[in-house]
>>> print(open('final_27.csv').read())   # CSV, C-alpha atoms
chain,number,residue,atom,x,y,z
I,26,MET,CA,-130.7,-64.6,101.9
I,27,ASN,CA,-134.0,-63.2,103.2
I,28,LEU,CA,-136.4,-66.0,104.2
I,29,GLY,CA,-139.3,-63.8,103.3
I,30,MET,CA,-138.1,-63.6,99.7
I,31,LEU,CA,-137.9,-67.4,99.7
I,32,GLY,CA,-141.5,-67.5,101.0
I,33,ALA,CA,-142.6,-65.2,98.0
I,34,GLY,CA,-141.0,-67.6,95.5
I,35,VAL,CA,-142.5,-70.7,97.2
I,36,VAL,CA,-146.0,-69.4,97.2
I,37,MET,CA,-145.8,-68.5,93.5
I,38,GLY,CA,-144.2,-71.9,92.6
I,39,LEU,CA,-146.6,-74.1,94.6
I,40,ALA,CA,-149.7,-72.2,93.3
I,41,ALA,CA,-148.5,-72.6,89.7
I,42,ILE,CA,-147.7,-76.3,90.2
I,43,GLY,CA,-151.2,-76.8,91.5
I,44,SER,CA,-152.6,-74.9,88.5
I,45,ALA,CA,-150.6,-77.1,86.1
I,46,PHE,CA,-151.8,-80.3,87.7
I,47,GLY,CA,-155.4,-79.0,88.0
I,48,ILE,CA,-155.5,-77.9,84.3
I,49,GLY,CA,-154.1,-81.3,83.3
I,50,ILE,CA,-156.8,-83.1,85.2
I,51,ALA,CA,-159.6,-80.9,84.0
I,52,GLY,CA,-158.2,-81.0,80.5
I,53,GLN,CA,-158.3,-84.8,80.4
I,54,GLY,CA,-162.0,-84.6,81.4
I,55,ALA,CA,-162.8,-82.1,78.7
I,56,ILE,CA,-161.0,-84.0,76.0
I,57,GLY,CA,-162.7,-87.3,77.0
I,58,ALA,CA,-166.1,-85.6,76.9
I,59,TRP,CA,-165.4,-84.1,73.5
I,60,LYS,CA,-164.3,-87.4,72.2
I,61,ARG,CA,-167.5,-89.1,73.4
I,62,CYS,CA,-169.5,-86.3,71.7
I,63,TYR,CA,-167.7,-86.9,68.4
I,64,VAL,CA,-168.0,-90.7,68.6
I,65,ASN,CA,-171.8,-90.3,69.2
I,66,ASN,CA,-172.2,-87.5,66.5
I,67,LYS,CA,-173.3,-85.0,69.2
I,68,PRO,CA,-172.2,-81.4,69.2
I,69,ALA,CA,-169.1,-80.9,71.3
I,70,PRO,CA,-169.7,-78.1,73.8
I,71,PHE,CA,-166.9,-75.5,73.6
I,72,ILE,CA,-167.9,-74.3,77.1
I,73,LEU,CA,-165.9,-77.3,78.5
I,74,THR,CA,-162.8,-75.0,78.1
I,75,VAL,CA,-164.1,-73.1,81.1
I,76,PHE,CA,-163.7,-76.2,83.3
I,77,ALA,CA,-160.3,-76.9,81.8
I,78,GLY,CA,-158.9,-73.4,82.3
I,79,ALA,CA,-160.4,-72.7,85.7
I,80,PRO,CA,-157.4,-73.9,87.8
I,81,LEU,CA,-155.2,-71.2,86.1
I,82,THR,CA,-156.5,-68.5,88.5
I,83,GLN,CA,-154.5,-69.9,91.4
I,84,THR,CA,-151.3,-68.9,89.6
I,85,ILE,CA,-152.7,-65.3,89.6
I,86,TYR,CA,-153.6,-65.5,93.3
I,87,GLY,CA,-150.1,-66.8,94.0
I,88,PHE,CA,-148.6,-63.9,92.2
I,89,LEU,CA,-150.7,-61.3,94.0
I,90,LEU,CA,-149.7,-62.8,97.4
I,91,THR,CA,-146.1,-62.9,96.2
I,92,ARG,CA,-146.1,-59.1,95.7
I,93,SER,CA,-147.5,-58.6,99.2
I,94,ILE,CA,-144.9,-60.9,100.8
I,95,LEU,CA,-142.1,-59.0,99.0
I,96,ASP,CA,-143.5,-55.7,100.2
I,97,SER,CA,-144.0,-56.9,103.8
I,98,SER,CA,-142.0,-55.9,106.8
I,99,GLN,CA,-143.2,-58.9,108.9
I,100,ASN,CA,-140.8,-61.4,110.4
I,101,PRO,CA,-139.0,-63.2,107.4
I,102,LEU,CA,-139.6,-66.6,109.1
I,103,PHE,CA,-143.3,-65.9,109.3
I,104,LEU,CA,-143.3,-64.9,105.6
I,105,LEU,CA,-141.6,-68.1,104.7
I,106,GLY,CA,-144.2,-70.1,106.6
I,107,LEU,CA,-147.0,-68.1,105.0
I,108,GLY,CA,-145.6,-68.7,101.6
I,109,VAL,CA,-145.3,-72.5,102.1
I,110,ALA,CA,-148.7,-72.9,103.7
I,111,ALA,CA,-150.5,-70.5,101.3
I,112,GLY,CA,-148.8,-72.1,98.2
I,113,LEU,CA,-149.8,-75.6,99.3
I,114,ALA,CA,-153.4,-74.5,100.0
I,115,MET,CA,-153.7,-72.7,96.6
I,116,GLY,CA,-152.1,-75.6,94.8
I,117,ALA,CA,-154.5,-78.1,96.5
I,118,SER,CA,-157.4,-75.8,95.6
I,119,ALA,CA,-156.3,-75.9,91.9
I,120,VAL,CA,-156.1,-79.7,91.9
I,121,ALA,CA,-159.5,-80.0,93.5
I,122,GLN,CA,-160.8,-77.5,91.0
I,123,GLY,CA,-159.4,-79.7,88.2
I,124,GLN,CA,-161.0,-82.8,89.6
I,125,ALA,CA,-164.4,-81.0,89.9
I,126,GLY,CA,-163.9,-79.6,86.4
I,127,ALA,CA,-163.2,-83.0,84.9
I,128,ALA,CA,-166.4,-84.4,86.5
I,129,GLY,CA,-168.3,-81.4,85.3
I,130,SER,CA,-167.0,-81.9,81.7
I,131,ASP,CA,-168.0,-85.6,81.8
I,132,ALA,CA,-171.5,-84.8,83.0
I,133,LEU,CA,-172.1,-81.9,80.7
I,134,GLY,CA,-170.7,-83.7,77.7
I,135,GLU,CA,-172.9,-86.7,78.4
I,136,THR,CA,-176.2,-84.8,79.2
I,137,GLY,CA,-175.8,-81.3,77.8
I,138,LYS,CA,-177.3,-80.1,81.0
I,139,GLY,CA,-176.3,-78.7,84.4
I,140,PHE,CA,-173.5,-76.3,83.5
I,141,ALA,CA,-174.6,-73.8,86.3
I,142,SER,CA,-174.6,-76.5,88.9
I,143,TYR,CA,-171.2,-77.9,87.9
I,144,ILE,CA,-169.5,-74.5,87.7
I,145,MET,CA,-170.8,-73.7,91.2
I,146,VAL,CA,-168.8,-76.7,92.6
I,147,VAL,CA,-165.8,-75.5,90.6
I,148,GLY,CA,-166.3,-72.1,92.2
I,149,LEU,CA,-166.4,-73.5,95.7
I,150,CYS,CA,-163.0,-75.0,95.1
I,151,GLU,CA,-161.9,-71.6,93.8
I,152,THR,CA,-163.1,-69.9,97.0
I,153,VAL,CA,-160.4,-71.7,99.1
I,154,ALA,CA,-157.6,-70.1,97.1
I,155,LEU,CA,-159.4,-66.7,97.2
I,156,PHE,CA,-159.7,-66.8,100.9
I,157,VAL,CA,-156.0,-67.9,101.3
I,158,MET,CA,-154.9,-65.1,99.1
I,159,ALA,CA,-157.0,-62.4,100.8
I,160,PHE,CA,-156.1,-63.6,104.4
I,161,GLY,CA,-152.5,-63.9,103.4
I,162,ILE,CA,-152.4,-60.4,102.0
I,163,GLY,CA,-153.9,-59.2,105.3
I,164,PHE,CA,-151.3,-61.0,107.3
I,165,CYS,CA,-148.5,-59.3,105.4
I,166,ARG,CA,-149.6,-55.8,106.6
>>> encode(input="final_27.csv", output="structure tokens")
Amino acid sequence: MNLGMLGAGVVMGLAAIGSAFGIGIAGQGAIGAWKRCYVNNKPAPFILTVFAGAPLTQTIYGFLLTRSILDSSQNPLFLLGLGVAAGLAMGASAVAQGQAGAAGSDALGETGKGFASYIMVVGLCETVALFVMAFGIGFCR
């Protein structure tokens, strides 16, 4: 078995696991905010779905890096290490994004204000995964 192929599977799996956890966390925040809006007879902002779905992108980044790992001629042990490290980093980014999204949902649901500020913090969490993907692809060449 080629260890590089294992690295490709690991990066995809860990990124997707992080996305699932992040979406679960952010989704709980969005649902709680909607509930409070309904209880208080306030309009429930549909835009909270942006916070809930944001961690899904790490799965896409994991897939893109997977393709580069599979096509790489680098040392298979290096590719395994890259897959593990990048997958963990992308997964952690997704969890952090979910936490920020849950807080953003809570704040926006309560005040109806500040969406741009909250989404910027979610975007900062996203940037970690983007950098990991881009640098990882670069290391595969």
>>> closest_residue(input="final_27.csv", among="I:Phe103, I:Ala111, I:Phe76, I:Ser98", to="Met37 in chain I", atoms="only C-alpha atoms")
I:Ala111
>>> residues_around(input="final_27.csv", residues="Gly29 in chain I", least_positions_apart="5", cutoff="6 Å", atoms="all atoms listed in the file", output="list in words")
Pro101, Leu104 and Leu105 of chain I
>>> closest_residue(input="final_27.csv", among="I:Asn27, I:Thr152, I:Gln53, I:Ser142", to="Gly78 in chain I", atoms="only C-alpha atoms")
I:Gln53
>>> closest_residue(input="final_27.csv", among="I:Leu155, I:Ala141, I:Val109, I:Ile48", to="Ile85 in chain I", atoms="all atoms listed in the file")
I:Leu155
>>> atom_distance(input="final_27.csv", atom1="CA of Phe160 in chain I", atom2="CA of Tyr143 in chain I")
26.5 Å
>>> residues_around(input="final_27.csv", residues="Gly49 in chain I", least_positions_apart="5", cutoff="9 Å", atoms="all atoms listed in the file", output="compact mmCIF listing (two decimals) with C-alpha atoms, in the frame of the given file")
# COMPACT_ATOMS: atom_id res chain seq x y z
CA SER I 44 -152.60 -74.90 88.50
CA GLY I 54 -162.00 -84.60 81.40
CA ALA I 77 -160.30 -76.90 81.80
CA VAL I 120 -156.10 -79.70 91.90
CA GLY I 123 -159.40 -79.70 88.20
>>> atom_distance(input="final_27.csv", atom1="CA of Lys138 in chain I", atom2="CA of Asn65 in chain I")
16.5 Å
>>> atom_distance(input="final_27.csv", atom1="CA of Ala119 in chain I", atom2="CA of Val36 in chain I")
13.3 Å
>>> closest_residue(input="final_27.csv", among="I:Ala33, I:Leu28, I:Leu107, I:Val147", to="Leu95 in chain I", atoms="only C-alpha atoms")
I:Ala33
>>> closest_residue(input="final_27.csv", among="I:Ser118, I:Thr74, I:Thr136, I:Gln99", to="Gly87 in chain I", atoms="only C-alpha atoms")
I:Ser118
>>> closest_residue(input="final_27.csv", among="I:Leu31, I:Ala132, I:Leu39, I:Ala125", to="Pro70 in chain I", atoms="all atoms listed in the file")
I:Ala132
>>> residues_around(input="final_27.csv", residues="Gln83 in chain I", least_positions_apart="6", cutoff="8 Å", atoms="all atoms listed in the file", output="list in words")
Ala40, Ala41, Gly43, Ser44, Met115, Gly116, Ser118, Ala119, Glu151 and Ala154 of chain I
>>> decode(input="final_27.csv", residues="range 28-137 of chain I", atoms="C-alpha atoms", output="PDB file, in the first residue's frame")
ATOM      1  CA  LEU I  28       1.495   5.701   2.125  1.00  0.00           C
ATOM      2  CA  GLY I  29       0.841   8.720  -0.091  1.00  0.00           C
ATOM      3  CA  MET I  30      -2.553   7.302  -0.967  1.00  0.00           C
ATOM      4  CA  LEU I  31      -3.249   6.867   2.722  1.00  0.00           C
ATOM      5  CA  GLY I  32      -2.334  10.536   3.209  1.00  0.00           C
ATOM      6  CA  ALA I  33      -4.864  11.487   0.531  1.00  0.00           C
ATOM      7  CA  GLY I  34      -7.619   9.598   2.317  1.00  0.00           C
ATOM      8  CA  VAL I  35      -6.665  10.975   5.706  1.00  0.00           C
ATOM      9  CA  VAL I  36      -6.745  14.622   4.605  1.00  0.00           C
ATOM     10  CA  MET I  37     -10.190  14.158   3.084  1.00  0.00           C
ATOM     11  CA  GLY I  38     -11.532  12.303   6.101  1.00  0.00           C
ATOM     12  CA  LEU I  39     -10.204  14.673   8.755  1.00  0.00           C
ATOM     13  CA  ALA I  40     -11.344  17.767   6.869  1.00  0.00           C
ATOM     14  CA  ALA I  41     -14.831  16.272   6.470  1.00  0.00           C
ATOM     15  CA  ILE I  42     -15.008  15.262  10.146  1.00  0.00           C
ATOM     16  CA  GLY I  43     -14.109  18.832  11.109  1.00  0.00           C
ATOM     17  CA  SER I  44     -16.784  20.134   8.753  1.00  0.00           C
ATOM     18  CA  ALA I  45     -19.388  17.874  10.330  1.00  0.00           C
ATOM     19  CA  PHE I  46     -18.469  18.985  13.858  1.00  0.00           C
ATOM     20  CA  GLY I  47     -18.317  22.651  12.807  1.00  0.00           C
ATOM     21  CA  ILE I  48     -21.698  22.521  11.087  1.00  0.00           C
ATOM     22  CA  GLY I  49     -23.178  20.828  14.139  1.00  0.00           C
ATOM     23  CA  ILE I  50     -21.843  23.548  16.434  1.00  0.00           C
ATOM     24  CA  ALA I  51     -22.885  26.430  14.178  1.00  0.00           C
ATOM     25  CA  GLY I  52     -26.241  24.790  13.494  1.00  0.00           C
ATOM     26  CA  GLN I  53     -26.996  24.600  17.200  1.00  0.00           C
ATOM     27  CA  GLY I  54     -26.309  28.320  17.480  1.00  0.00           C
ATOM     28  CA  ALA I  55     -28.542  29.133  14.515  1.00  0.00           C
ATOM     29  CA  ILE I  56     -31.399  26.974  15.767  1.00  0.00           C
ATOM     30  CA  GLY I  57     -31.160  28.516  19.241  1.00  0.00           C
ATOM     31  CA  ALA I  58     -31.208  32.022  17.772  1.00  0.00           C
ATOM     32  CA  TRP I  59     -34.228  31.206  15.602  1.00  0.00           C
ATOM     33  CA  LYS I  60     -36.040  29.757  18.616  1.00  0.00           C
ATOM     34  CA  ARG I  61     -35.447  32.933  20.620  1.00  0.00           C
ATOM     35  CA  CYS I  62     -36.740  35.004  17.716  1.00  0.00           C
ATOM     36  CA  TYR I  63     -39.912  32.910  17.511  1.00  0.00           C
ATOM     37  CA  VAL I  64     -40.440  33.040  21.293  1.00  0.00           C
ATOM     38  CA  ASN I  65     -40.091  36.841  21.209  1.00  0.00           C
ATOM     39  CA  ASN I  66     -42.255  37.224  18.059  1.00  0.00           C
ATOM     40  CA  LYS I  67     -39.298  38.697  16.153  1.00  0.00           C
ATOM     41  CA  PRO I  68     -38.484  37.900  12.526  1.00  0.00           C
ATOM     42  CA  ALA I  69     -36.095  34.933  12.322  1.00  0.00           C
ATOM     43  CA  PRO I  70     -33.194  35.898  10.030  1.00  0.00           C
ATOM     44  CA  PHE I  71     -32.679  33.330   7.276  1.00  0.00           C
ATOM     45  CA  ILE I  72     -29.123  34.634   6.871  1.00  0.00           C
ATOM     46  CA  LEU I  73     -28.129  32.526   9.895  1.00  0.00           C
ATOM     47  CA  THR I  74     -27.867  29.598   7.473  1.00  0.00           C
ATOM     48  CA  VAL I  75     -24.646  31.235   6.225  1.00  0.00           C
ATOM     49  CA  PHE I  76     -23.099  30.716   9.663  1.00  0.00           C
ATOM     50  CA  ALA I  77     -24.415  27.165   9.894  1.00  0.00           C
ATOM     51  CA  GLY I  78     -23.092  26.117   6.480  1.00  0.00           C
ATOM     52  CA  ALA I  79     -19.737  27.893   6.476  1.00  0.00           C
ATOM     53  CA  PRO I  80     -17.681  24.946   7.853  1.00  0.00           C
ATOM     54  CA  LEU I  81     -18.663  22.813   4.861  1.00  0.00           C
ATOM     55  CA  THR I  82     -15.989  24.451   2.719  1.00  0.00           C
ATOM     56  CA  GLN I  83     -13.197  22.620   4.537  1.00  0.00           C
ATOM     57  CA  THR I  84     -14.471  19.386   2.983  1.00  0.00           C
ATOM     58  CA  ILE I  85     -13.967  20.969  -0.444  1.00  0.00           C
ATOM     59  CA  TYR I  86     -10.447  22.082   0.487  1.00  0.00           C
ATOM     60  CA  GLY I  87      -9.677  18.570   1.716  1.00  0.00           C
ATOM     61  CA  PHE I  88     -10.870  17.145  -1.600  1.00  0.00           C
ATOM     62  CA  LEU I  89      -8.733  19.555  -3.604  1.00  0.00           C
ATOM     63  CA  LEU I  90      -5.632  18.699  -1.581  1.00  0.00           C
ATOM     64  CA  THR I  91      -6.482  14.999  -1.907  1.00  0.00           C
ATOM     65  CA  ARG I  92      -6.289  15.307  -5.692  1.00  0.00           C
ATOM     66  CA  SER I  93      -2.880  16.978  -5.459  1.00  0.00           C
ATOM     67  CA  ILE I  94      -1.555  14.317  -3.078  1.00  0.00           C
ATOM     68  CA  LEU I  95      -2.738  11.533  -5.388  1.00  0.00           C
ATOM     69  CA  ASP I  96      -1.041  13.183  -8.382  1.00  0.00           C
ATOM     70  CA  SER I  97       2.189  13.947  -6.507  1.00  0.00           C
ATOM     71  CA  SER I  98       5.514  12.189  -6.991  1.00  0.00           C
ATOM     72  CA  GLN I  99       6.859  13.340  -3.604  1.00  0.00           C
ATOM     73  CA  ASN I 100       8.051  10.862  -0.981  1.00  0.00           C
ATOM     74  CA  PRO I 101       5.003   8.801   0.131  1.00  0.00           C
ATOM     75  CA  LEU I 102       5.923   9.185   3.810  1.00  0.00           C
ATOM     76  CA  PHE I 103       6.010  12.967   3.351  1.00  0.00           C
ATOM     77  CA  LEU I 104       2.583  12.825   1.667  1.00  0.00           C
ATOM     78  CA  LEU I 105       1.199  10.795   4.573  1.00  0.00           C
ATOM     79  CA  GLY I 106       2.497  13.392   7.022  1.00  0.00           C
ATOM     80  CA  LEU I 107       1.104  16.188   4.888  1.00  0.00           C
ATOM     81  CA  GLY I 108      -2.284  14.487   4.769  1.00  0.00           C
ATOM     82  CA  VAL I 109      -2.443  14.019   8.533  1.00  0.00           C
ATOM     83  CA  ALA I 110      -1.233  17.527   9.402  1.00  0.00           C
ATOM     84  CA  ALA I 111      -3.321  19.283   6.753  1.00  0.00           C
ATOM     85  CA  GLY I 112      -6.422  17.259   7.590  1.00  0.00           C
ATOM     86  CA  LEU I 113      -6.110  18.086  11.281  1.00  0.00           C
ATOM     87  CA  ALA I 114      -5.555  21.776  10.513  1.00  0.00           C
ATOM     88  CA  MET I 115      -8.534  21.941   8.159  1.00  0.00           C
ATOM     89  CA  GLY I 116     -10.723  20.057  10.612  1.00  0.00           C
ATOM     90  CA  ALA I 117      -9.717  22.369  13.463  1.00  0.00           C
ATOM     91  CA  SER I 118     -10.423  25.368  11.238  1.00  0.00           C
ATOM     92  CA  ALA I 119     -13.920  24.037  10.569  1.00  0.00           C
ATOM     93  CA  VAL I 120     -14.595  23.541  14.287  1.00  0.00           C
ATOM     94  CA  ALA I 121     -13.364  27.075  15.053  1.00  0.00           C
ATOM     95  CA  GLN I 122     -15.533  28.361  12.235  1.00  0.00           C
ATOM     96  CA  GLY I 123     -18.526  26.569  13.719  1.00  0.00           C
ATOM     97  CA  GLN I 124     -17.868  28.108  17.125  1.00  0.00           C
ATOM     98  CA  ALA I 125     -17.562  31.591  15.630  1.00  0.00           C
ATOM     99  CA  GLY I 126     -20.690  30.960  13.554  1.00  0.00           C
ATOM    100  CA  ALA I 127     -22.651  29.895  16.627  1.00  0.00           C
ATOM    101  CA  ALA I 128     -21.637  33.087  18.440  1.00  0.00           C
ATOM    102  CA  GLY I 129     -22.470  35.151  15.359  1.00  0.00           C
ATOM    103  CA  SER I 130     -25.898  33.526  15.133  1.00  0.00           C
ATOM    104  CA  ASP I 131     -26.559  34.269  18.783  1.00  0.00           C
ATOM    105  CA  ALA I 132     -25.519  37.909  18.442  1.00  0.00           C
ATOM    106  CA  LEU I 133     -27.340  38.520  15.160  1.00  0.00           C
ATOM    107  CA  GLY I 134     -30.493  36.780  16.355  1.00  0.00           C
ATOM    108  CA  GLU I 135     -30.522  38.890  19.500  1.00  0.00           C
ATOM    109  CA  THR I 136     -29.681  42.289  18.009  1.00  0.00           C
ATOM    110  CA  GLY I 137     -30.403  42.004  14.292  1.00  0.00           C
TER     111      GLY I 137
END
